[in-house]
$ cat work.cif   # mmCIF, C-alpha atoms
data_my_file
loop_
_atom_site.label_atom_id
_atom_site.label_comp_id
_atom_site.auth_asym_id
_atom_site.auth_seq_id
_atom_site.Cartn_x
_atom_site.Cartn_y
_atom_site.Cartn_z
CA MET E 80 -7.38 29.32 2.46
CA LEU E 81 -6.15 25.80 2.86
CA THR E 82 -7.68 23.07 0.72
CA CYS E 83 -8.62 19.64 2.08
CA LYS E 84 -5.53 18.27 0.38
CA ASP E 85 -3.32 20.84 2.16
CA VAL E 86 -4.98 20.04 5.47
CA SER E 87 -4.56 16.29 5.02
CA LYS E 88 -0.83 16.78 4.52
CA LEU E 89 -0.46 19.09 7.47
CA VAL E 90 -2.40 16.76 9.79
CA SER E 91 0.01 13.97 8.90
CA GLU E 92 2.98 16.30 9.25
CA SER E 93 1.80 17.37 12.68
CA LEU E 94 2.51 13.81 13.85
CA GLU E 95 6.17 14.42 13.02
CA HIS E 96 6.81 17.91 14.31
CA GLU E 97 5.00 20.90 15.72
CA LEU E 98 3.56 23.05 12.97
CA PRO E 99 4.23 26.79 12.97
CA LEU E 100 1.50 28.73 14.77
CA ARG E 101 -0.05 30.22 11.63
CA GLN E 102 -0.43 26.82 10.02
CA ARG E 103 -1.76 25.33 13.19
CA LEU E 104 -4.48 27.95 13.37
CA ALA E 105 -5.33 27.61 9.69
CA VAL E 106 -5.67 23.84 10.07
CA ARG E 107 -7.83 24.23 13.14
CA LEU E 108 -10.09 26.68 11.35
CA HIS E 109 -10.49 24.35 8.38
CA LEU E 110 -11.24 21.39 10.63
CA MET E 111 -13.96 23.36 12.39
CA MET E 112 -15.75 23.76 9.10
CA CYS E 113 -14.99 20.50 7.36
CA SER E 114 -16.42 17.23 8.67
CA LEU E 115 -14.61 15.16 6.03
CA CYS E 116 -11.23 16.40 7.18
CA ARG E 117 -12.26 15.80 10.78
CA LYS E 118 -12.97 12.19 9.92
CA TYR E 119 -9.67 11.97 8.13
CA GLN E 120 -7.88 13.44 11.14
CA ARG E 121 -9.49 10.97 13.55
CA GLN E 122 -8.51 8.06 11.35
CA THR E 123 -4.95 9.25 10.92
CA LEU E 124 -4.57 9.58 14.68
CA LEU E 125 -6.17 6.18 15.14
CA LEU E 126 -3.68 4.63 12.74
CA ARG E 127 -0.80 5.83 14.86
CA GLU E 128 -2.56 4.57 17.98
CA LEU E 129 -3.08 1.16 16.35
CA PHE E 130 0.60 0.75 15.63
CA ARG E 131 1.55 1.90 19.13
CA ARG E 132 -0.70 -0.80 20.51
CA ILE E 133 0.71 -3.41 18.17
CA ILE E 134 4.23 -2.60 19.39
CA ARG E 135 3.11 -2.91 23.00
CA SER E 136 1.42 -6.24 22.32
CA GLU E 137 4.74 -7.55 20.99
CA ASP E 138 6.23 -7.23 24.46
CA ASP E 139 3.86 -9.89 25.69
CA PRO E 140 5.88 -13.10 26.23
CA SER E 141 3.12 -15.15 24.62
CA TYR E 142 3.22 -13.00 21.50
CA SER E 143 3.46 -14.81 18.19
CA ARG E 144 0.92 -14.48 15.45
CA GLN E 145 2.85 -16.24 12.74
CA HIS E 146 4.44 -19.65 12.77
CA LEU E 147 7.57 -20.99 11.17
CA THR E 148 6.86 -24.09 9.15
CA GLU E 149 8.31 -27.35 10.41
CA ALA E 150 10.66 -27.46 7.41
CA THR E 151 11.97 -23.96 8.10
CA ARG E 152 12.43 -24.79 11.75
CA GLU E 153 14.55 -27.80 10.84
CA ARG E 154 16.50 -25.82 8.28
CA ILE E 155 17.33 -23.15 10.84
CA LYS E 156 18.35 -25.74 13.43
CA MET E 157 20.70 -27.31 10.88
CA ALA E 158 22.15 -23.93 10.02
CA LEU E 159 22.74 -23.23 13.68
CA LEU E 160 24.52 -26.54 14.14
CA THR E 161 26.77 -26.10 11.13
CA GLY E 162 27.28 -22.44 11.97
CA LEU E 163 28.67 -23.49 15.33
CA GLU E 164 31.35 -25.78 14.02
CA MET L 183 20.00 -20.42 41.73
CA ALA L 184 20.13 -17.41 39.44
CA LEU L 185 23.13 -18.91 37.72
CA ASP L 186 21.36 -22.21 37.17
CA ASN L 187 18.48 -20.42 35.55
CA LEU L 188 20.84 -18.57 33.33
CA THR L 189 22.64 -21.65 32.08
CA ALA L 190 19.37 -23.51 31.67
CA GLU L 191 18.06 -20.70 29.48
CA LEU L 192 21.14 -20.54 27.33
CA LEU L 193 20.57 -23.67 25.34
CA PRO L 194 20.65 -22.56 21.74
CA GLU L 195 19.16 -25.83 20.50
CA THR L 196 15.91 -24.94 22.25
CA TRP L 197 15.76 -21.38 20.94
CA VAL L 198 14.22 -22.24 17.59
CA ASP L 199 11.31 -24.01 19.23
CA GLU L 200 10.88 -21.59 22.08
CA HIS L 201 11.42 -18.25 20.39
CA GLY L 202 11.33 -18.97 16.65
CA ASP L 203 7.67 -18.06 16.16
CA ALA L 204 7.93 -14.87 18.17
CA LEU L 205 11.00 -13.75 16.24
CA PHE L 206 9.41 -14.70 12.95
CA SER L 207 6.19 -12.80 13.78
CA TYR L 208 8.19 -9.75 14.71
CA ALA L 209 10.20 -9.91 11.49
CA LEU L 210 7.22 -10.64 9.28
CA SER L 211 5.32 -7.61 10.51
CA ARG L 212 8.24 -5.46 9.34
CA LEU L 213 9.38 -7.12 6.14
CA LYS L 214 7.22 -7.81 3.13
CA ASN L 215 9.01 -10.92 2.06
CA PRO L 216 8.52 -14.04 4.26
CA ALA L 217 11.79 -15.51 2.99
CA SER L 218 13.68 -12.42 4.21
CA ALA L 219 11.89 -12.74 7.54
CA GLU L 220 13.03 -16.36 7.87
CA ASP L 221 16.58 -15.43 6.91
CA VAL L 222 16.78 -12.64 9.41
CA VAL L 223 15.52 -14.96 12.18
CA GLN L 224 18.26 -17.43 11.31
CA GLU L 225 20.93 -14.71 11.24
CA THR L 226 19.71 -13.46 14.59
CA LEU L 227 20.02 -16.85 16.22
CA LEU L 228 23.47 -17.38 14.73
CA ALA L 229 24.61 -13.99 15.97
CA ALA L 230 23.13 -14.75 19.37
CA ILE L 231 25.03 -18.02 19.64
CA ARG L 232 28.27 -16.31 18.74
CA SER L 233 27.77 -13.62 21.33
CA GLN L 234 26.22 -15.71 24.10
CA GLN L 235 28.78 -14.59 26.62
CA ARG L 236 27.54 -11.04 26.19
CA PHE L 237 24.07 -12.01 27.36
CA SER L 238 23.87 -10.36 30.76
CA GLY L 239 20.89 -12.25 32.12
CA ARG L 240 19.36 -8.95 33.15
CA SER L 241 16.65 -9.34 30.55
CA SER L 242 14.95 -12.50 29.33
CA VAL L 243 16.45 -14.49 26.48
CA ARG L 244 13.43 -13.47 24.37
CA THR L 245 14.05 -9.76 24.92
CA TRP L 246 17.73 -10.18 24.18
CA LEU L 247 17.01 -12.05 20.94
CA ILE L 248 14.42 -9.47 19.83
CA GLY L 249 17.04 -6.78 20.47
CA ILE L 250 19.45 -8.48 18.08
CA LEU L 251 16.65 -9.04 15.56
CA LYS L 252 15.69 -5.35 15.64
CA HIS L 253 19.21 -4.36 14.60
CA LYS L 254 19.27 -6.88 11.81
CA ILE L 255 15.92 -5.69 10.45
CA VAL L 256 16.84 -2.02 10.58
CA ASP L 257 20.14 -2.79 8.84
CA LEU L 258 18.34 -4.69 6.12
CA ILE L 259 15.77 -1.93 5.55
CA ARG L 260 18.55 0.64 5.45
CA LYS L 261 20.47 -1.38 2.89
CA GLU L 262 17.43 -1.95 0.68
CA THR L 263 16.46 1.71 0.78
CA ARG L 264 19.95 2.80 -0.24
CA GLU L 265 19.95 0.36 -3.12
CA GLN L 266 16.66 1.50 -4.58
CA PRO L 267 16.95 4.46 -6.94
CA LEU L 268 14.83 7.37 -5.80
CA ASP L 269 13.56 9.52 -8.59
CA GLU L 270 11.49 7.12 -10.63
CA ILE L 271 9.19 6.15 -7.77
CA GLU L 272 8.56 9.61 -6.49
CA THR L 273 7.50 11.15 -9.73
CA LEU L 274 5.23 8.22 -10.44
CA ASP L 275 3.35 8.37 -7.16
CA THR L 276 -0.35 9.05 -7.60
CA THR L 277 -1.54 8.97 -4.01
CA GLU L 278 -2.68 12.56 -4.01
CA GLU L 279 -4.47 12.38 -7.37
CA HIS L 280 -6.22 9.28 -6.15
CA PHE L 281 -7.75 10.96 -3.15
CA PHE L 282 -8.15 14.57 -4.27
CA ASP L 283 -9.43 16.40 -7.34
CA ARG L 284 -7.50 19.21 -8.99
CA LYS L 285 -8.93 21.80 -6.69
CA GLY L 286 -7.79 19.89 -3.63
CA HIS L 287 -11.26 18.65 -2.65
CA TRP L 288 -11.79 15.09 -1.49
CA ARG L 289 -12.45 12.79 -4.42
CA LEU L 290 -12.60 9.67 -2.23
CA LYS L 291 -14.43 11.00 0.79
CA PRO L 292 -13.46 9.63 4.22
CA VAL L 293 -16.27 7.49 5.65
CA GLU L 294 -16.83 6.91 9.34
CA TRP L 295 -14.79 4.13 10.98
CA GLN L 296 -16.96 2.44 13.51
CA GLU L 297 -14.66 0.46 15.72
CA HIS L 298 -12.63 0.90 18.85
CA PRO L 299 -8.86 0.40 18.40
CA GLY L 300 -8.49 -2.05 21.28
CA LYS L 301 -11.27 -4.21 19.96
CA ILE L 302 -10.25 -4.40 16.33
CA LEU L 303 -6.74 -5.45 17.23
CA GLU L 304 -8.11 -8.51 18.99
CA GLN L 305 -9.65 -9.70 15.74
CA LYS L 306 -7.48 -12.01 13.70
CA GLU L 307 -9.23 -11.02 10.49
CA PHE L 308 -8.48 -7.37 11.08
CA MET L 309 -4.79 -8.10 11.67
CA ALA L 310 -4.72 -10.02 8.40
CA VAL L 311 -6.29 -7.10 6.52
CA LEU L 312 -3.89 -4.66 8.17
CA ARG L 313 -0.94 -6.79 7.19
CA SER L 314 -2.08 -7.10 3.62
CA CYS L 315 -2.67 -3.33 3.44
CA LEU L 316 0.84 -2.73 4.75
CA ASP L 317 2.22 -5.16 2.19
CA HIS L 318 0.45 -3.28 -0.56
CA LEU L 319 2.41 -0.13 0.14
CA PRO L 320 5.08 0.52 -2.45
CA ASP L 321 8.45 -0.77 -1.15
CA ARG L 322 9.92 2.57 -0.26
CA LEU L 323 6.84 3.80 1.57
CA HIS L 324 6.61 0.48 3.35
CA ARG L 325 10.18 0.68 4.63
CA LEU L 326 9.93 4.25 5.85
CA PHE L 327 6.58 3.60 7.48
CA VAL L 328 7.95 0.55 9.30
CA LEU L 329 10.98 2.44 10.61
CA ARG L 330 8.79 5.26 11.84
CA GLU L 331 5.71 3.51 13.20
CA LEU L 332 6.86 0.00 14.07
CA GLU L 333 10.49 0.60 14.98
CA ASN L 334 9.50 3.93 16.46
CA MET L 335 12.64 5.61 15.12
CA GLU L 336 12.76 9.39 15.39
CA THR L 337 12.34 11.41 12.20
CA GLU L 338 15.83 12.92 12.55
CA GLU L 339 17.42 9.52 12.93
CA ILE L 340 15.70 8.12 9.83
CA CYS L 341 16.69 11.15 7.78
CA LYS L 342 20.32 10.94 8.87
CA ASP L 343 20.47 7.21 8.33
CA LEU L 344 18.99 7.26 4.87
CA SER L 345 20.26 10.67 3.77
CA ILE L 346 16.85 12.11 3.00
CA THR L 347 15.42 15.48 3.97
CA PRO L 348 12.71 15.84 6.61
CA THR L 349 10.34 17.30 4.01
CA ASN L 350 10.84 14.25 1.85
CA LEU L 351 10.23 11.91 4.76
CA TRP L 352 7.05 13.77 5.77
CA VAL L 353 5.66 13.46 2.26
CA MET L 354 6.42 9.76 2.16
CA LEU L 355 4.85 9.10 5.55
CA TYR L 356 1.83 11.13 4.48
CA ARG L 357 1.40 9.00 1.37
CA ALA L 358 1.84 5.79 3.34
CA ARG L 359 -0.81 6.89 5.85
CA MET L 360 -3.24 7.97 3.12
CA ARG L 361 -2.88 4.64 1.37
CA LEU L 362 -3.20 2.60 4.53
CA ARG L 363 -6.26 4.58 5.59
CA GLY L 364 -7.83 4.08 2.19
CA CYS L 365 -7.00 0.39 2.10
CA LEU L 366 -8.41 -0.25 5.58
CA THR L 367 -11.56 1.69 4.74
CA GLU L 368 -12.12 -0.30 1.60
CA ASN L 369 -11.24 -3.73 2.94
CA TRP L 370 -12.44 -3.59 6.49
CA PHE L 371 -14.59 -0.67 7.59
CA GLU L 372 -16.77 -0.48 4.51
CA LYS L 373 -17.33 -4.20 4.50
CA GLY L 374 -19.38 -3.83 7.66
CA ILE L 375 -18.16 -7.02 9.29
#

$ encode --input "work.cif" --output "structure tokens"
Amino acid sequence: MLTCKDVSKLVSESLEHELPLRQRLAVRLHLMMCSLCRKYQRQTLLLRELFRRIIRSEDDPSYSRQHLTEATRERIKMALLTGLE
Amino acid sequence: MALDNLTAELLPETWVDEHGDALFSYALSRLKNPASAEDVVQETLLAAIRSQQRFSGRSSVRTWLIGILKHKIVDLIRKETREQPLDEIETLDTTEEHFFDRKGHWRLKPVEWQEHPGKILEQKEFMAVLRSCLDHLPDRLHRLFVLRELENMETEEICKDLSITPTNLWVMLYRARMRLRGCLTENWFEKGI
């Protein structure tokens, strides 16, 4: 029998590669009986989904959440000028 | 007409103002250290100026600059990972003990997350919590997680690049996810905002 700890690892691993059939069935069986691991599974899948969405939002031309300070901006401009010479 | 647009766009002195924040945001979501993020933005712009003639005009200047930035960030992460000795961190990791008891039962039980992914991402406060949770990952976990989930690199590619085994990578990603999940639960979902 798989423990919750085993299942938590395998759920994460299943995001990286297909688990062997036996493991897949064992995980599924455990999830049927364990609501805590089901919650964990939903959240782990949601995490991946969140990052996928974040990546997509970065393609938006208006994307920028953080701002360079004025000083940094000036410093970079200077560096670009001197770098060009 | 197309040519005019192209030359108008290729004015490096305007890049910092027009694209600086976007590049910085991109870098800062992948690197813990704001100073490194600033540096990598600067290096990107310098590299872009030097290779202007290679800009095909088929994509926007922004997309082209982000492409250069991506390479710089991945190179930096690769370099930092290689420089950090492995063994000490891995034996010291307590992620599993934190969440599970000795019999493998949940010690910190998952609680329900109430929100819809699309909606939480629109909230500035959530993004701030997410960023701080990411930053709280130990360096090595942070780097691997970024390569996998934000740079979307394939597992095989990461393993080859960093000379680690798939099993090792899976364990690290597992720990990163467990910690992030726990951190978000504690600092966002349980707060009932």

$ resolve_selection --input "work.cif" --expression "the PyMOL selection byres ((chain E) within 7 of (chain L))" --output "mmCIF file with C-alpha atoms, in the coordinates of the input"
data_model
loop_
_atom_site.group_PDB
_atom_site.id
_atom_site.type_symbol
_atom_site.label_atom_id
_atom_site.label_comp_id
_atom_site.auth_asym_id
_atom_site.auth_seq_id
_atom_site.Cartn_x
_atom_site.Cartn_y
_atom_site.Cartn_z
ATOM 1 C CA THR E 82 -7.680 23.070 0.720
ATOM 2 C CA CYS E 83 -8.620 19.640 2.080
ATOM 3 C CA LYS E 84 -5.530 18.270 0.380
ATOM 4 C CA LYS E 88 -0.830 16.780 4.520
ATOM 5 C CA SER E 91 0.010 13.970 8.900
ATOM 6 C CA GLU E 92 2.980 16.300 9.250
ATOM 7 C CA GLU E 95 6.170 14.420 13.020
ATOM 8 C CA LEU E 115 -14.610 15.160 6.030
ATOM 9 C CA LYS E 118 -12.970 12.190 9.920
ATOM 10 C CA TYR E 119 -9.670 11.970 8.130
ATOM 11 C CA THR E 123 -4.950 9.250 10.920
ATOM 12 C CA LEU E 129 -3.080 1.160 16.350
ATOM 13 C CA PHE E 130 0.600 0.750 15.630
ATOM 14 C CA ILE E 134 4.230 -2.600 19.390
ATOM 15 C CA TYR E 142 3.220 -13.000 21.500
ATOM 16 C CA SER E 143 3.460 -14.810 18.190
ATOM 17 C CA ARG E 144 0.920 -14.480 15.450
ATOM 18 C CA GLN E 145 2.850 -16.240 12.740
ATOM 19 C CA HIS E 146 4.440 -19.650 12.770
ATOM 20 C CA LEU E 147 7.570 -20.990 11.170
ATOM 21 C CA ARG E 152 12.430 -24.790 11.750
ATOM 22 C CA ILE E 155 17.330 -23.150 10.840
ATOM 23 C CA LYS E 156 18.350 -25.740 13.430
ATOM 24 C CA LEU E 159 22.740 -23.230 13.680
ATOM 25 C CA GLY E 162 27.280 -22.440 11.970
#

$ atom_distance --input "work.cif" --atom1 "CA of Asn215 in chain L" --atom2 "CA of Thr276 in chain L"
24.1 Å

$ atom_distance --input "work.cif" --atom1 "CA of Phe327 in chain L" --atom2 "CA of Ser114 in chain E"
26.8 Å

$ resolve_selection --input "work.cif" --expression "the PyMOL selection byres ((chain E and resi 81) around 10)" --output "list in words"
Met80, Thr82, Cys83, Lys84, Asp85, Val86, Ser87, Leu89, Gln102, Ala105, Val106, Leu108 and His109 of chain E; Gly286 of chain L

$ closest_residue --input "work.cif" --among "E:Thr161, E:Pro140, E:Leu100, E:Leu94" --to "Glu128 in chain E" --atoms "all atoms listed in the file"
E:Leu94

$ resolve_selection --input "work.cif" --expression "the PyMOL selection byres ((chain L and resi 319) around 10)" --output "VMD selection string"
chain L and resid 214 314 to 318 320 to 325 327 357 to 359 361 to 362 365
